[in-house]
Amino acid sequence: MSPAFHVLGRLRANLGLQLYRWRADHMRREVSHPATGTAFSTFGAPDATIALARYHMGVEHLEELRVKTRWNPLGTVAAARRQARRHGLAVFSERSAPAALRPDLLPVESYVDLDIPLPGSLREFKSALGTSAASDISRIRRLGYRVEFDRDAGWSERFHAHYHEPSIQFQHGDDGFVSSAAEMARFFTGGRAEWLRVYQGDICVAAMLGEAEARGYRLHRLGWLEGSPTLRSQGVVAALYWFSIQRTFDLGLPRLHLGGVKPDLEDGLFFFKTKWGGRLDPANRRFSARLLLLDPSHPAARAFIGRHSLISRDPAGRHIVLSSRLPAEVGTFAAQASALSAWFRLREAPDPVPDSAKAVLPGTLRPWFDAVALPGAG
């Protein structure tokens with residue numbers, strides 16, 4: 001086969017990819033929940049459908065939704081503004097957002113990473129924990145949980161079927177990310193991955209896939225036996241975290257990478273990881289952002305902000321928060337305060353008076369929020 005034929009083949013493949021992306025970027029999905037009358041629209045952001053259905057609308061399962069798909073190659077800016085006025089929210093991917101609309105779009109990453117920077121000793125770490133984590137440690141001892149480690153890649157099949165998949169389905173429903181057994185087995189090819197297995201007696205009740213790296217110990221996937229709600233309530237997840245913290249100290253590594261959580265200071269998993277010492281790292285931008293066109297005059301948008309203290313970024317890449325609450329009213333704020341550069345509280349009515357402190361917000365949101373001084377700042 002001639003070199004020219006190979007070049008032509010690559011050109012055709014690249015053209016096909018570009019055409020696919022162009023079509024995908026101009027697909028509009030109107031997602032509605034007939035039972036509640038709530039809806040939102042996405043433009044070129046199909047991955048947002050499930051996540052935002054649960055996060056924005058409180059809908060757990062796809063079968064409850066109605067999704068209308070339209071091709072929208074022209075007039076995207078006007079269409080997005082109409083959808084935001086109609087539903088309170090329109091969403092773009094980073095690639096699909098029109099340049100003319102970007103000044104009004106709020107970037108919200110699909111997940112933000114939390115790490116635990118470790119002090120010099122386990123004793124020092126324990127002394128800094130709050131009462132909730134300390135209580136979990138006492139319960140771990142009382143229930144007799146113990147830990148074992150091994151590097152059996154072949155255990156991936158059992159872990160996937162009896163621990164990981166049922167637990168993610170129980171905890172997150174359709175919004176959960178389930179890894180395949182083959183994907184988890186591939187972690188072991190580098191020689192640094194291991195299973196952290198929690199036992200009660202002779203039964204493995206929970207497990208986690210961890211990996212030692214130069215910068216720290218990274219948690220990848222977890223699960224507990226058959227996704228049992230009873231085991232969950234008996235603290236097996238806390239045991240996984242506590243034993244992984246101990247493992248990180250034993251390996252002499254400086255931090256524990258806890259993985260991604262929703263960019264929301266009031267999310268349950270965010271709170272859980274924070275109480276074990278998890279902290280935001282503004283320099284970490286591992287996940288792509290969804291770009292939100294919010295209309296705070298719409299009741300659904302106000303309800304959305306009322307439920308979540310959203311973590312976004314300003315143009316300089318620093319973490320900021322948009323909330324209906326004051327910082328002191330949000331339980332995770334104190335622990336995460338050092339990573340936050342600004343806090344904006346939703347107003348009852350728009351205020352058109354210019355405020356330089358709100359210049360980092362999208363233009364359409366500035367009248368709807370007040371800049372709140374962070375406790376201890378200045």
# chains A, B, ... in the order shown; residues from 1 in each chain; ligands from 1
>>> closest_atom_pairs(of="range 249-348 of chain A", to="range 41-60 of chain A", cutoff="10 Å", atoms="only C-alpha atoms", output="Markdown table")
| residue | atom | partner | partner_atom | distance |
| --- | --- | --- | --- | --- |
| A:Lys262 | CA | A:Tyr55 | CA | 9.3 |
| A:Asp267 | CA | A:Tyr55 | CA | 9.9 |
| A:Arg290 | CA | A:Ala45 | CA | 7.7 |
| A:Leu291 | CA | A:Ala45 | CA | 9.3 |
| A:Leu292 | CA | A:Thr42 | CA | 9.2 |
| A:Leu293 | CA | A:Ser41 | CA | 9.8 |
| A:Ala300 | CA | A:Met57 | CA | 8.4 |
| A:Ala301 | CA | A:His56 | CA | 8.5 |
| A:Ala303 | CA | A:His56 | CA | 8.8 |
| A:Phe304 | CA | A:His56 | CA | 5.8 |
| A:Ile305 | CA | A:His56 | CA | 9.0 |
| A:Arg307 | CA | A:His56 | CA | 8.9 |
| A:His308 | CA | A:Tyr55 | CA | 9.0 |
>>> write_last_selection(atoms="all heavy atoms", output="mmCIF file, in the first residue's frame")
data_model
loop_
_atom_site.group_PDB
_atom_site.id
_atom_site.type_symbol
_atom_site.label_atom_id
_atom_site.label_comp_id
_atom_site.auth_asym_id
_atom_site.auth_seq_id
_atom_site.Cartn_x
_atom_site.Cartn_y
_atom_site.Cartn_z
ATOM 1 N N LYS A 262 -17.866 15.848 44.034
ATOM 2 C CA LYS A 262 -18.648 16.908 43.428
ATOM 3 C C LYS A 262 -18.126 18.273 43.894
ATOM 4 O O LYS A 262 -17.741 18.439 45.047
ATOM 5 C CB LYS A 262 -20.122 16.775 43.818
ATOM 6 C CG LYS A 262 -20.850 15.616 43.148
ATOM 7 C CD LYS A 262 -21.158 15.935 41.706
ATOM 8 C CE LYS A 262 -22.194 14.984 41.126
ATOM 9 N NZ LYS A 262 -21.870 13.570 41.232
ATOM 10 N N ASP A 267 -21.880 18.703 49.586
ATOM 11 C CA ASP A 267 -22.044 17.328 49.143
ATOM 12 C C ASP A 267 -21.625 16.369 50.254
ATOM 13 O O ASP A 267 -20.646 16.606 50.972
ATOM 14 C CB ASP A 267 -21.184 17.108 47.893
ATOM 15 C CG ASP A 267 -21.222 15.675 47.419
ATOM 16 O OD1 ASP A 267 -22.272 15.245 46.916
ATOM 17 O OD2 ASP A 267 -20.189 14.974 47.562
ATOM 18 N N ARG A 290 -17.802 21.909 33.118
ATOM 19 C CA ARG A 290 -19.032 22.240 32.413
ATOM 20 C C ARG A 290 -19.262 23.735 32.603
ATOM 21 O O ARG A 290 -18.982 24.284 33.671
ATOM 22 C CB ARG A 290 -20.202 21.430 32.967
ATOM 23 C CG ARG A 290 -19.995 19.923 32.847
ATOM 24 C CD ARG A 290 -21.219 19.164 33.344
ATOM 25 N NE ARG A 290 -20.984 17.725 33.266
ATOM 26 C CZ ARG A 290 -20.832 16.933 34.314
ATOM 27 N NH1 ARG A 290 -20.892 17.446 35.541
ATOM 28 N NH2 ARG A 290 -20.628 15.646 34.175
ATOM 29 N N LEU A 291 -19.760 24.386 31.570
ATOM 30 C CA LEU A 291 -19.965 25.824 31.612
ATOM 31 C C LEU A 291 -21.453 26.102 31.726
ATOM 32 O O LEU A 291 -22.229 25.749 30.840
ATOM 33 C CB LEU A 291 -19.372 26.466 30.354
ATOM 34 C CG LEU A 291 -17.893 26.125 30.087
ATOM 35 C CD1 LEU A 291 -17.398 26.822 28.840
ATOM 36 C CD2 LEU A 291 -17.027 26.489 31.289
ATOM 37 N N LEU A 292 -21.846 26.730 32.837
ATOM 38 C CA LEU A 292 -23.256 26.894 33.174
ATOM 39 C C LEU A 292 -23.739 28.304 32.864
ATOM 40 O O LEU A 292 -23.114 29.282 33.281
ATOM 41 C CB LEU A 292 -23.482 26.617 34.668
ATOM 42 C CG LEU A 292 -23.638 25.174 35.129
ATOM 43 C CD1 LEU A 292 -22.474 24.302 34.676
ATOM 44 C CD2 LEU A 292 -23.801 25.135 36.652
ATOM 45 N N LEU A 293 -24.846 28.376 32.133
ATOM 46 C CA LEU A 293 -25.555 29.636 31.944
ATOM 47 C C LEU A 293 -26.752 29.607 32.884
ATOM 48 O O LEU A 293 -27.753 28.940 32.617
ATOM 49 C CB LEU A 293 -26.006 29.791 30.494
ATOM 50 C CG LEU A 293 -26.701 31.118 30.144
ATOM 51 C CD1 LEU A 293 -25.746 32.293 30.341
ATOM 52 C CD2 LEU A 293 -27.248 31.091 28.721
ATOM 53 N N ALA A 300 -36.118 27.606 39.641
ATOM 54 C CA ALA A 300 -35.332 26.370 39.630
ATOM 55 C C ALA A 300 -33.851 26.657 39.828
ATOM 56 O O ALA A 300 -33.152 25.908 40.523
ATOM 57 C CB ALA A 300 -35.554 25.624 38.313
ATOM 58 N N ALA A 301 -33.358 27.735 39.236
ATOM 59 C CA ALA A 301 -31.954 28.103 39.422
ATOM 60 C C ALA A 301 -31.695 28.530 40.862
ATOM 61 O O ALA A 301 -30.659 28.186 41.450
ATOM 62 C CB ALA A 301 -31.566 29.217 38.456
ATOM 63 N N ALA A 303 -33.366 27.506 43.461
ATOM 64 C CA ALA A 303 -33.431 26.297 44.283
ATOM 65 C C ALA A 303 -32.140 25.499 44.164
ATOM 66 O O ALA A 303 -31.652 24.917 45.153
ATOM 67 C CB ALA A 303 -34.621 25.449 43.852
ATOM 68 N N PHE A 304 -31.571 25.464 42.970
ATOM 69 C CA PHE A 304 -30.309 24.765 42.735
ATOM 70 C C PHE A 304 -29.196 25.373 43.587
ATOM 71 O O PHE A 304 -28.476 24.658 44.303
ATOM 72 C CB PHE A 304 -29.976 24.857 41.247
ATOM 73 C CG PHE A 304 -28.657 24.271 40.851
ATOM 74 C CD1 PHE A 304 -28.290 22.995 41.235
ATOM 75 C CD2 PHE A 304 -27.771 25.006 40.071
ATOM 76 C CE1 PHE A 304 -27.074 22.445 40.852
ATOM 77 C CE2 PHE A 304 -26.552 24.473 39.694
ATOM 78 C CZ PHE A 304 -26.206 23.191 40.080
ATOM 79 N N ILE A 305 -29.057 26.676 43.544
ATOM 80 C CA ILE A 305 -28.031 27.349 44.351
ATOM 81 C C ILE A 305 -28.364 27.232 45.835
ATOM 82 O O ILE A 305 -27.467 27.171 46.687
ATOM 83 C CB ILE A 305 -27.898 28.820 43.924
ATOM 84 C CG1 ILE A 305 -27.482 28.901 42.448
ATOM 85 C CG2 ILE A 305 -26.875 29.559 44.790
ATOM 86 C CD1 ILE A 305 -27.610 30.274 41.847
ATOM 87 N N ARG A 307 -29.506 24.646 47.286
ATOM 88 C CA ARG A 307 -29.122 23.323 47.775
ATOM 89 C C ARG A 307 -27.616 23.096 47.792
ATOM 90 O O ARG A 307 -27.133 22.204 48.493
ATOM 91 C CB ARG A 307 -29.768 22.232 46.912
ATOM 92 C CG ARG A 307 -31.268 22.128 47.022
ATOM 93 C CD ARG A 307 -31.780 20.887 46.312
ATOM 94 N NE ARG A 307 -31.470 20.873 44.891
ATOM 95 C CZ ARG A 307 -32.258 21.372 43.943
ATOM 96 N NH1 ARG A 307 -33.398 21.971 44.288
ATOM 97 N NH2 ARG A 307 -31.915 21.312 42.672
ATOM 98 N N HIS A 308 -26.900 23.860 46.986
ATOM 99 C CA HIS A 308 -25.475 23.583 46.788
ATOM 100 C C HIS A 308 -24.643 24.847 46.942
ATOM 101 O O HIS A 308 -25.003 25.904 46.431
ATOM 102 C CB HIS A 308 -25.245 23.013 45.389
ATOM 103 C CG HIS A 308 -26.131 21.863 45.045
ATOM 104 N ND1 HIS A 308 -26.003 20.616 45.627
ATOM 105 C CD2 HIS A 308 -27.172 21.761 44.183
ATOM 106 C CE1 HIS A 308 -26.919 19.801 45.133
ATOM 107 N NE2 HIS A 308 -27.645 20.467 44.261
#
>>> residues_around(residues="range 160-172 of chain A", least_positions_apart="2", cutoff="6 Å", atoms="only C-alpha atoms", output="ChimeraX atom specification")
/A:156-158,175-176,178,181,222-227
>>> select_by_dssp(residues="range 39-238 of chain A", states="strand (DSSP E)", output="number ranges by chain")
A: 39-43, 66-71, 89-93, 106-109, 112-117, 145-150, 193-200, 203-212, 217-224
>>> residues_around(residues="Leu240 in chain A", least_positions_apart="5", cutoff="10 Å", atoms="only C-alpha atoms", output="ChimeraX atom specification")
/A:140,145-147,196-198,206-208,219,222-224,235,245
>>> closest_residue(among="A:Arg366, A:Arg151, A:Arg285, A:Arg192", to="Leu322 in chain A", atoms="only C-alpha atoms")
A:Arg366
>>> residues_around(residues="His319 in chain A", least_positions_apart="4", cutoff="7 Å", atoms="only C-alpha atoms", output="list in words")
Pro282, Ile311, Ser312, Arg313, Asp314, Ala339, Leu340 and Ser341 of chain A
>>> closest_residue(among="A:Arg325, A:Gly277, A:Ser288, A:Val205", to="Ser127 in chain A", atoms="only C-alpha atoms")
A:Gly277
>>> closest_residue(among="A:Arg221, A:Arg347, A:His257, A:Arg279", to="Ser179 in chain A", atoms="only C-alpha atoms")
A:Arg221
>>> select_by_dssp(residues="range 33-94 of chain A", states="alpha helix (DSSP H)", output="number ranges by chain")
A: 48-55, 76-87
>>> write_last_selection(atoms="C-alpha atoms", output="PDB file, in the first residue's frame")
ATOM      1  CA  ALA A  48     -23.987  16.286  31.791  1.00  0.00           C
ATOM      2  CA  THR A  49     -27.392  14.680  31.277  1.00  0.00           C
ATOM      3  CA  ILE A  50     -27.251  12.045  34.021  1.00  0.00           C
ATOM      4  CA  ALA A  51     -25.085  14.029  36.437  1.00  0.00           C
ATOM      5  CA  LEU A  52     -27.187  17.178  36.302  1.00  0.00           C
ATOM      6  CA  ALA A  53     -30.465  15.285  36.355  1.00  0.00           C
ATOM      7  CA  ARG A  54     -29.496  14.033  39.776  1.00  0.00           C
ATOM      8  CA  TYR A  55     -27.587  17.084  40.943  1.00  0.00           C
ATOM      9  CA  THR A  76     -26.655  28.961  19.559  1.00  0.00           C
ATOM     10  CA  VAL A  77     -26.184  32.051  21.737  1.00  0.00           C
ATOM     11  CA  ALA A  78     -29.805  33.167  21.366  1.00  0.00           C
ATOM     12  CA  ALA A  79     -31.073  29.602  21.841  1.00  0.00           C
ATOM     13  CA  ALA A  80     -29.044  29.178  25.037  1.00  0.00           C
ATOM     14  CA  ARG A  81     -30.329  32.421  26.501  1.00  0.00           C
ATOM     15  CA  ARG A  82     -33.903  31.375  25.710  1.00  0.00           C
ATOM     16  CA  GLN A  83     -33.373  28.010  27.373  1.00  0.00           C
ATOM     17  CA  ALA A  84     -31.838  29.613  30.473  1.00  0.00           C
ATOM     18  CA  ARG A  85     -34.783  32.025  30.776  1.00  0.00           C
ATOM     19  CA  ARG A  86     -37.222  29.165  30.290  1.00  0.00           C
ATOM     20  CA  HIS A  87     -35.628  26.559  32.567  1.00  0.00           C
TER      21      HIS A  87
END
>>> residues_around(residues="range 120-125 of chain A", least_positions_apart="6", cutoff="10 Å", atoms="only C-alpha atoms", output="PyMOL selection string")
chain A and resi 245-246+248-250+252+254+276-277
>>> closest_residue(among="A:Val237, A:Ala214, A:Leu294, A:Val321", to="Leu105 in chain A", atoms="only C-alpha atoms")
A:Leu294
>>> closest_residue(among="A:Gly190, A:Gly201, A:Pro34, A:Gly210", to="Phe149 in chain A", atoms="only C-alpha atoms")
A:Gly210
>>> residues_around(residues="Leu258 in chain A", least_positions_apart="2", cutoff="12 Å", atoms="only C-alpha atoms", output="compact mmCIF listing (two decimals) with N, CA, C and O atoms, in the first residue's frame")
# COMPACT_ATOMS: atom_id res chain seq x y z
N TYR A 111 -15.67 17.25 38.65
CA TYR A 111 -15.21 16.84 39.99
C TYR A 111 -14.04 17.74 40.39
O TYR A 111 -13.39 18.34 39.54
N VAL A 112 -13.80 17.81 41.68
CA VAL A 112 -12.58 18.43 42.20
C VAL A 112 -11.87 17.40 43.07
O VAL A 112 -12.51 16.58 43.74
N ASP A 113 -10.55 17.42 43.04
CA ASP A 113 -9.76 16.46 43.83
C ASP A 113 -9.56 16.95 45.25
O ASP A 113 -9.38 18.15 45.49
N LEU A 114 -9.59 16.01 46.19
CA LEU A 114 -9.21 16.29 47.57
C LEU A 114 -8.02 15.41 47.94
O LEU A 114 -8.00 14.22 47.63
N ASP A 115 -7.04 16.01 48.59
CA ASP A 115 -5.87 15.30 49.10
C ASP A 115 -5.76 15.51 50.60
O ASP A 115 -6.25 16.52 51.13
N ILE A 116 -5.11 14.57 51.26
CA ILE A 116 -4.77 14.75 52.68
C ILE A 116 -3.26 14.97 52.77
O ILE A 116 -2.49 14.02 52.61
N PRO A 117 -2.81 16.20 53.02
CA PRO A 117 -1.37 16.41 53.28
C PRO A 117 -1.05 15.93 54.69
O PRO A 117 -1.67 16.38 55.67
N MET A 208 -10.43 -1.78 48.66
CA MET A 208 -10.09 -0.60 47.90
C MET A 208 -8.84 -0.88 47.07
O MET A 208 -7.95 -1.61 47.51
N LEU A 209 -8.81 -0.31 45.87
CA LEU A 209 -7.63 -0.39 45.02
C LEU A 209 -6.79 0.85 45.25
O LEU A 209 -7.25 1.97 45.03
N GLY A 210 -5.58 0.67 45.72
CA GLY A 210 -4.67 1.78 46.00
C GLY A 210 -3.38 1.65 45.22
O GLY A 210 -3.05 0.56 44.73
N GLU A 211 -2.65 2.74 45.12
CA GLU A 211 -1.40 2.73 44.35
C GLU A 211 -0.42 3.72 44.96
O GLU A 211 -0.74 4.89 45.18
N GLY A 216 2.58 10.44 46.57
CA GLY A 216 1.65 10.02 47.60
C GLY A 216 1.00 8.69 47.27
O GLY A 216 1.34 8.01 46.30
N TYR A 217 0.05 8.32 48.11
CA TYR A 217 -0.71 7.08 47.94
C TYR A 217 -2.06 7.47 47.34
O TYR A 217 -2.77 8.32 47.88
N ARG A 218 -2.41 6.86 46.19
CA ARG A 218 -3.62 7.25 45.46
C ARG A 218 -4.69 6.17 45.57
O ARG A 218 -4.43 5.00 45.29
N LEU A 219 -5.89 6.60 45.96
CA LEU A 219 -7.03 5.70 46.02
C LEU A 219 -7.76 5.72 44.68
O LEU A 219 -8.06 6.78 44.14
N HIS A 220 -8.06 4.53 44.15
CA HIS A 220 -8.68 4.44 42.84
C HIS A 220 -10.15 3.98 42.91
O HIS A 220 -11.05 4.70 42.53
N ARG A 221 -10.41 2.77 43.39
CA ARG A 221 -11.77 2.24 43.38
C ARG A 221 -12.04 1.58 44.72
O ARG A 221 -11.14 1.02 45.35
N LEU A 222 -13.30 1.61 45.14
CA LEU A 222 -13.65 0.97 46.40
C LEU A 222 -14.99 0.25 46.28
O LEU A 222 -15.73 0.43 45.31
N LEU A 240 -11.92 1.74 55.43
CA LEU A 240 -11.08 1.82 54.24
C LEU A 240 -10.22 3.08 54.27
O LEU A 240 -9.02 3.04 53.97
N TYR A 241 -10.82 4.20 54.64
CA TYR A 241 -10.08 5.45 54.67
C TYR A 241 -9.04 5.45 55.79
O TYR A 241 -7.90 5.89 55.58
N TRP A 242 -9.41 4.97 56.95
CA TRP A 242 -8.49 4.98 58.08
C TRP A 242 -7.28 4.08 57.80
O TRP A 242 -6.12 4.46 58.03
N SER A 244 -6.16 3.25 54.85
CA SER A 244 -5.36 3.83 53.77
C SER A 244 -4.49 4.97 54.29
O SER A 244 -3.36 5.18 53.80
N ILE A 245 -4.98 5.70 55.27
CA ILE A 245 -4.16 6.74 55.91
C ILE A 245 -2.96 6.10 56.61
O ILE A 245 -1.81 6.55 56.46
N THR A 248 -0.39 4.97 54.10
CA THR A 248 0.40 6.07 53.55
C THR A 248 1.54 6.44 54.50
O THR A 248 2.67 6.68 54.06
N ARG A 255 1.42 12.39 51.20
CA ARG A 255 -0.01 12.74 51.12
C ARG A 255 -0.80 11.56 50.60
O ARG A 255 -0.28 10.66 49.96
N LEU A 256 -2.10 11.62 50.90
CA LEU A 256 -3.04 10.63 50.42
C LEU A 256 -3.97 11.30 49.43
O LEU A 256 -4.64 12.28 49.75
N GLY A 260 -11.76 12.27 43.23
CA GLY A 260 -12.68 13.35 42.92
C GLY A 260 -13.97 13.32 43.72
O GLY A 260 -14.46 12.25 44.10
N VAL A 261 -14.51 14.51 43.94
CA VAL A 261 -15.82 14.68 44.57
C VAL A 261 -16.57 15.77 43.81
O VAL A 261 -15.98 16.54 43.06
N LEU A 269 -20.26 13.31 50.23
CA LEU A 269 -18.93 12.72 50.09
C LEU A 269 -17.85 13.78 50.31
O LEU A 269 -16.79 13.47 50.87
N PHE A 270 -18.11 15.01 49.88
CA PHE A 270 -17.18 16.10 50.14
C PHE A 270 -16.99 16.26 51.65
O PHE A 270 -15.86 16.40 52.15
N PHE A 272 -17.53 13.96 53.97
CA PHE A 272 -16.89 12.77 54.52
C PHE A 272 -15.38 12.84 54.33
O PHE A 272 -14.60 12.57 55.25
N LYS A 273 -14.94 13.20 53.13
CA LYS A 273 -13.50 13.27 52.87
C LYS A 273 -12.85 14.43 53.60
O LYS A 273 -11.68 14.34 54.02
N THR A 274 -13.59 15.52 53.77
CA THR A 274 -13.06 16.66 54.51
C THR A 274 -12.80 16.31 55.97
O THR A 274 -11.79 16.71 56.55
N TRP A 276 -11.83 13.64 57.21
CA TRP A 276 -10.60 12.85 57.35
C TRP A 276 -9.36 13.65 56.98
O TRP A 276 -8.26 13.10 56.94
N GLY A 277 -9.53 14.95 56.72
CA GLY A 277 -8.39 15.80 56.42
C GLY A 277 -8.24 16.16 54.95
O GLY A 277 -7.25 16.79 54.57
N GLY A 278 -9.21 15.76 54.11
CA GLY A 278 -9.14 16.08 52.69
C GLY A 278 -9.21 17.58 52.45
O GLY A 278 -10.05 18.28 53.03
N ARG A 279 -8.33 18.08 51.58
CA ARG A 279 -8.28 19.51 51.30
C ARG A 279 -8.21 19.75 49.79
O ARG A 279 -7.60 18.99 49.04
N LEU A 280 -8.86 20.82 49.35
CA LEU A 280 -8.79 21.24 47.96
C LEU A 280 -7.37 21.67 47.60
O LEU A 280 -6.67 22.28 48.41
N ASP A 281 -6.99 21.37 46.37
CA ASP A 281 -5.72 21.84 45.85
C ASP A 281 -6.02 22.68 44.61
O ASP A 281 -6.31 22.14 43.54
